[in-house]
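Colleague: Quick one: structure below, then a few questions.
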Amino acid sequence: MWVKFVIITLFMGVVVSLGTGFYFLLTEKKSSAKLLNSLKVRISLTVLIMVIIVLAWLHGDIHSQAPWLHR
């Protein structure tokens, strides 16, 4: 259960970072450091989500529901 909460929380952080990056893209005249930092945060959170999913799968906290795996 904790894995779902952590993944959803990080995903909401990605959405917020996407929104702030869009805001900086519209309001800044040139390429700004704020826009670059927003991209760095978004990429870091996405990589962290993928690492947590892989670790949870390896640990056995989450399972695949694919029908071809259960023959």
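So you can find residues: chains in the structure tokens are A, B, ... in the order shown, residues in each start at 1, and ligands are numbered from 1 in order.
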Quick one: residues within 12 Å of Thr9 in chain A, only C-alpha atoms counted, chain neighbours fewer than 6 positions away excluded, as a list in words?
Modeller: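 Counting only the stated atoms, we get Trp2, Val3, Val15, Val16, Leu45, Thr46, Leu48 and Ile49 of chain A.
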Colleague: Using backbone DSSP assignments, extract all helix (DSSP H, G or I) residues from chain A; output them as a ChimeraX atom specification.
Modeller: /A:2-27,33-59,67-69
Colleague: Calculate how many Å separate CA of Val14 in chain A from CA of Asn37 in chain A, rounding to one decimal.
Modeller: 12.6 Å
Colleague: Near Leu35 in chain A, counting only C-alpha atoms, which residues have an atom at most 12 Å away, once you skip same-chain residues fewer than 2 positions from it, shown as an mmCIF file with N, CA and C atoms, in the first residue's frame?
Modeller:
```
data_model
loop_
_atom_site.group_PDB
_atom_site.id
_atom_site.type_symbol
_atom_site.label_atom_id
_atom_site.label_comp_id
_atom_site.auth_asym_id
_atom_site.auth_seq_id
_atom_site.Cartn_x
_atom_site.Cartn_y
_atom_site.Cartn_z
ATOM 1 N N SER A 17 5.609 20.076 -11.371
ATOM 2 C CA SER A 17 6.814 20.541 -12.048
ATOM 3 C C SER A 17 6.532 20.842 -13.518
ATOM 4 N N LEU A 18 5.678 20.063 -14.124
ATOM 5 C CA LEU A 18 5.290 20.322 -15.510
ATOM 6 C C LEU A 18 4.549 21.647 -15.616
ATOM 7 N N GLY A 19 3.660 21.899 -14.674
ATOM 8 C CA GLY A 19 2.922 23.158 -14.673
ATOM 9 C C GLY A 19 3.814 24.360 -14.444
ATOM 10 N N THR A 20 4.752 24.242 -13.506
ATOM 11 C CA THR A 20 5.656 25.369 -13.264
ATOM 12 C C THR A 20 6.584 25.605 -14.457
ATOM 13 N N GLY A 21 7.012 24.538 -15.096
ATOM 14 C CA GLY A 21 7.832 24.694 -16.295
ATOM 15 C C GLY A 21 7.071 25.379 -17.410
ATOM 16 N N PHE A 22 5.802 25.039 -17.563
ATOM 17 C CA PHE A 22 4.966 25.684 -18.573
ATOM 18 C C PHE A 22 4.769 27.161 -18.252
ATOM 19 N N TYR A 23 4.595 27.455 -16.978
ATOM 20 C CA TYR A 23 4.453 28.861 -16.562
ATOM 21 C C TYR A 23 5.729 29.653 -16.863
ATOM 22 N N PHE A 24 6.879 29.078 -16.523
ATOM 23 C CA PHE A 24 8.133 29.770 -16.803
ATOM 24 C C PHE A 24 8.374 29.900 -18.301
ATOM 25 N N LEU A 25 7.930 28.935 -19.074
ATOM 26 C CA LEU A 25 8.084 29.006 -20.525
ATOM 27 C C LEU A 25 7.268 30.157 -21.101
ATOM 28 N N LEU A 26 6.084 30.380 -20.539
ATOM 29 C CA LEU A 26 5.234 31.444 -21.057
ATOM 30 C C LEU A 26 5.639 32.830 -20.559
ATOM 31 N N THR A 27 6.140 32.922 -19.328
ATOM 32 C CA THR A 27 6.395 34.245 -18.759
ATOM 33 C C THR A 27 7.808 34.765 -19.006
ATOM 34 N N GLU A 28 8.786 33.916 -19.131
ATOM 35 C CA GLU A 28 10.162 34.371 -19.323
ATOM 36 C C GLU A 28 10.403 34.696 -20.791
ATOM 37 N N LYS A 29 11.192 35.712 -21.018
ATOM 38 C CA LYS A 29 11.492 36.116 -22.394
ATOM 39 C C LYS A 29 12.557 35.224 -23.022
ATOM 40 N N LYS A 30 13.583 34.882 -22.256
ATOM 41 C CA LYS A 30 14.658 34.035 -22.758
ATOM 42 C C LYS A 30 14.622 32.700 -22.022
ATOM 43 N N SER A 31 15.496 31.826 -22.427
ATOM 44 C CA SER A 31 15.650 30.575 -21.687
ATOM 45 C C SER A 31 16.168 30.913 -20.303
ATOM 46 N N SER A 32 15.488 30.434 -19.299
ATOM 47 C CA SER A 32 15.858 30.807 -17.940
ATOM 48 C C SER A 32 16.343 29.593 -17.159
ATOM 49 N N ALA A 33 17.003 29.880 -16.065
ATOM 50 C CA ALA A 33 17.469 28.813 -15.175
ATOM 51 C C ALA A 33 16.286 28.144 -14.477
ATOM 52 N N ASN A 37 15.694 24.204 -14.265
ATOM 53 C CA ASN A 37 15.536 23.529 -12.979
ATOM 54 C C ASN A 37 14.239 22.741 -12.915
ATOM 55 N N SER A 38 13.180 23.278 -13.501
ATOM 56 C CA SER A 38 11.909 22.562 -13.542
ATOM 57 C C SER A 38 12.045 21.264 -14.343
ATOM 58 N N LEU A 39 12.779 21.319 -15.437
ATOM 59 C CA LEU A 39 13.014 20.118 -16.238
ATOM 60 C C LEU A 39 13.845 19.104 -15.464
ATOM 61 N N LYS A 40 14.864 19.579 -14.743
ATOM 62 C CA LYS A 40 15.698 18.677 -13.942
ATOM 63 C C LYS A 40 14.871 17.976 -12.860
ATOM 64 N N VAL A 41 14.011 18.727 -12.205
ATOM 65 C CA VAL A 41 13.162 18.145 -11.157
ATOM 66 C C VAL A 41 12.225 17.112 -11.756
ATOM 67 N N ARG A 42 11.631 17.435 -12.895
ATOM 68 C CA ARG A 42 10.687 16.518 -13.540
ATOM 69 C C ARG A 42 11.375 15.227 -13.965
#
```
Colleague: So how many Å separate CA of Ile52 in chain A and CA of Ile7 in chain A, to one decimal?
Modeller: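 Atom-to-atom, CA of Ile52 in chain A to CA of Ile7 in chain A, that is 7.7 Å.
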Colleague: Write out as a PyMOL selection string each polymer residue whose atoms come within 12 Å of Met1 in chain A, counting only C-alpha atoms; drop sequence neighbours fewer than 3 positions from it.
Modeller: chain A and resi 4-8+56+61-62
Colleague: Take the residues from that selection and put them in a file with N, CA and C atoms, as a PDB file, in the first residue's frame.
Modeller:
```pdb
ATOM      1  N   LYS A   4       2.029   2.488  -3.543  1.00  0.00           N
ATOM      2  CA  LYS A   4       1.069   3.269  -4.322  1.00  0.00           C
ATOM      3  C   LYS A   4       1.048   4.721  -3.867  1.00  0.00           C
ATOM      4  N   PHE A   5       1.090   4.931  -2.553  1.00  0.00           N
ATOM      5  CA  PHE A   5       1.078   6.295  -2.023  1.00  0.00           C
ATOM      6  C   PHE A   5       2.314   7.069  -2.469  1.00  0.00           C
ATOM      7  N   VAL A   6       3.472   6.432  -2.406  1.00  0.00           N
ATOM      8  CA  VAL A   6       4.719   7.099  -2.803  1.00  0.00           C
ATOM      9  C   VAL A   6       4.713   7.407  -4.295  1.00  0.00           C
ATOM     10  N   ILE A   7       4.261   6.463  -5.115  1.00  0.00           N
ATOM     11  CA  ILE A   7       4.243   6.674  -6.561  1.00  0.00           C
ATOM     12  C   ILE A   7       3.260   7.774  -6.935  1.00  0.00           C
ATOM     13  N   ILE A   8       2.085   7.779  -6.313  1.00  0.00           N
ATOM     14  CA  ILE A   8       1.100   8.825  -6.617  1.00  0.00           C
ATOM     15  C   ILE A   8       1.610  10.190  -6.173  1.00  0.00           C
ATOM     16  N   ALA A  56      10.162  -2.303  -6.132  1.00  0.00           N
ATOM     17  CA  ALA A  56       8.964  -2.912  -5.551  1.00  0.00           C
ATOM     18  C   ALA A  56       8.625  -4.221  -6.259  1.00  0.00           C
ATOM     19  N   ASP A  61       6.459  -6.555  -3.821  1.00  0.00           N
ATOM     20  CA  ASP A  61       5.343  -5.735  -3.352  1.00  0.00           C
ATOM     21  C   ASP A  61       4.286  -5.525  -4.419  1.00  0.00           C
ATOM     22  N   ILE A  62       4.684  -5.518  -5.679  1.00  0.00           N
ATOM     23  CA  ILE A  62       3.733  -5.381  -6.778  1.00  0.00           C
ATOM     24  C   ILE A  62       3.920  -6.563  -7.718  1.00  0.00           C
TER      25      ILE A  62
END
```
Colleague: Closest to Ser44 in chain A among A:Leu10, A:Trp68, A:Leu58, A:His63, using only C-alpha atoms?
Modeller: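 For Ser44 in chain A, the nearest of the given residues is A:Leu10.
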